[in-house]
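K.L.:
One structure coming up, written as structure tokens, with questions to follow.
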Amino acid sequence: MARQCLDKDIKIKPAEGRVHVIYDGAEIASSLNALELDEPGAPLRIYLPREDVQPGILEASETKTVCPYKGEAFYYTLKTLTATGPDQVWYYPDPCPLVEPIRDYLAFWGDRIEYRRSDV
């Protein structure tokens with residue numbers, strides 16, 4: 001099935017400084033190579049390279065969603081010693097050309113997710 005990628009004014013730029021992802025009070029990721037994705041009508045999303053996320057906390061999920069601008073998203077469940085967050089991480093293994101820079105980068109979302117920034 002051929003996918004259709006619609007056009008939208010989505011901006012992707014490097015995040016300033018170091019981005020830290022805190023989940024349930026503990027840091028689970030830290031990156032100097034995070035990307036900010038600004039999509040009109042949606043919250044600012046920050047995507048981090050997979051290698052900047054702690055190993056062993058992502059469990060593949062069966063969940064998939066389709067965005068007409070970004071493509072098909074695949075999900076992970078976050079699992080730490082203190083908490084489990086179903087489908088709170090997603091990524092685009094084959095994104096639409098419009099958002100190619102976020103290929104295989106991970107985004108985090110949920111009520112126990114917090115982003116912090118620090119200067120390099």
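Residues in the structure tokens are named by chain (A, B, ... in the order shown) and by number from 1 within that chain; ligands are numbered from 1 in the order shown.
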Could you give me, as a PyMOL selection string, the residues within 10 Å of region 11-14 of chain A, counting only C-alpha atoms and dropping anything in the same chain fewer than 2 positions from it?
P.N.:
chain A and resi 8-9+16-17+32-40+45-47+98-102
K.L.:
Quick one: residues within 12 Å of Glu62 (chain A), only C-alpha atoms, excluding same-chain residues fewer than 4 positions away - as JSON, numbers by chain?
P.N.:
{"A": [73, 74, 75, 76, 77, 86, 87, 90]}
K.L.:
Give me, as a tab-separated table (two decimals) with N, CA, C and O atoms, in the first residue's frame, all polymer residues having an atom no more than 7 Å from Phe108 (chain A), counting only C-alpha atoms and skipping those fewer than 5 positions away in the same chain.
P.N.:
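As a result, out.tsv now contains:
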```
chain	number	residue	atom	x	y	z
A	88	GLN	N	4.53	5.13	25.90
A	88	GLN	CA	4.94	6.50	26.19
A	88	GLN	C	6.16	6.95	25.39
A	88	GLN	O	6.65	8.05	25.57
A	89	VAL	N	6.62	6.09	24.49
A	89	VAL	CA	7.75	6.43	23.62
A	89	VAL	C	7.35	6.04	22.20
A	89	VAL	O	6.78	4.97	21.99
A	90	TRP	N	7.66	6.90	21.24
A	90	TRP	CA	7.37	6.53	19.85
A	90	TRP	C	8.49	7.00	18.93
A	90	TRP	O	9.30	7.83	19.30
A	113	ILE	N	6.59	12.06	32.56
A	113	ILE	CA	7.74	12.45	31.74
A	113	ILE	C	7.99	13.94	31.95
A	113	ILE	O	7.07	14.76	31.92
```
K.L.:
Can you work out which one of A:Val53, A:Gly25, A:Ser61, A:Ala15 has the shortest atom-to-atom distance to Arg112 (chain A), counting only C-alpha atoms?
P.N.:
A:Gly25
K.L.:
Which of region 1-86 of chain A end up as strand (DSSP E or B) when DSSP is run on this backbone - answer as a ChimeraX atom specification?
P.N.:
/A:11-14,18-23,26-31,35-38,45-48,53,58-67,71-79,84-86
K.L.:
Which of these residues is nearest to Asp111 (chain A), using only C-alpha atoms: A:Pro68, A:Gly85, A:Pro55, A:Gly41?
P.N.:
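For Asp111 (chain A), the nearest of the candidates is A:Gly85.
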K.L.:
Out of A:Val21, A:Leu44, A:Leu78, A:Ala83, which residue has the shortest atom-to-atom distance to Tyr115 (chain A) when counting only C-alpha atoms?
P.N.:
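Closest residue, counting only C-alpha atoms: A:Val21.
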K.L.:
From the options A:Asp104, A:Ser30, A:Arg116, A:Tyr23, which residue's atoms come nearest to Thr84 (chain A), counting only C-alpha atoms?
P.N.:
A:Tyr23
K.L.:
In Å, with one decimal, what is the gap from CA of Tyr105 (chain A) to CA of Thr82 (chain A)?
P.N.:
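Straight-line distance from CA of Tyr105 (chain A) to CA of Thr82 (chain A) works out to 24.4 Å.
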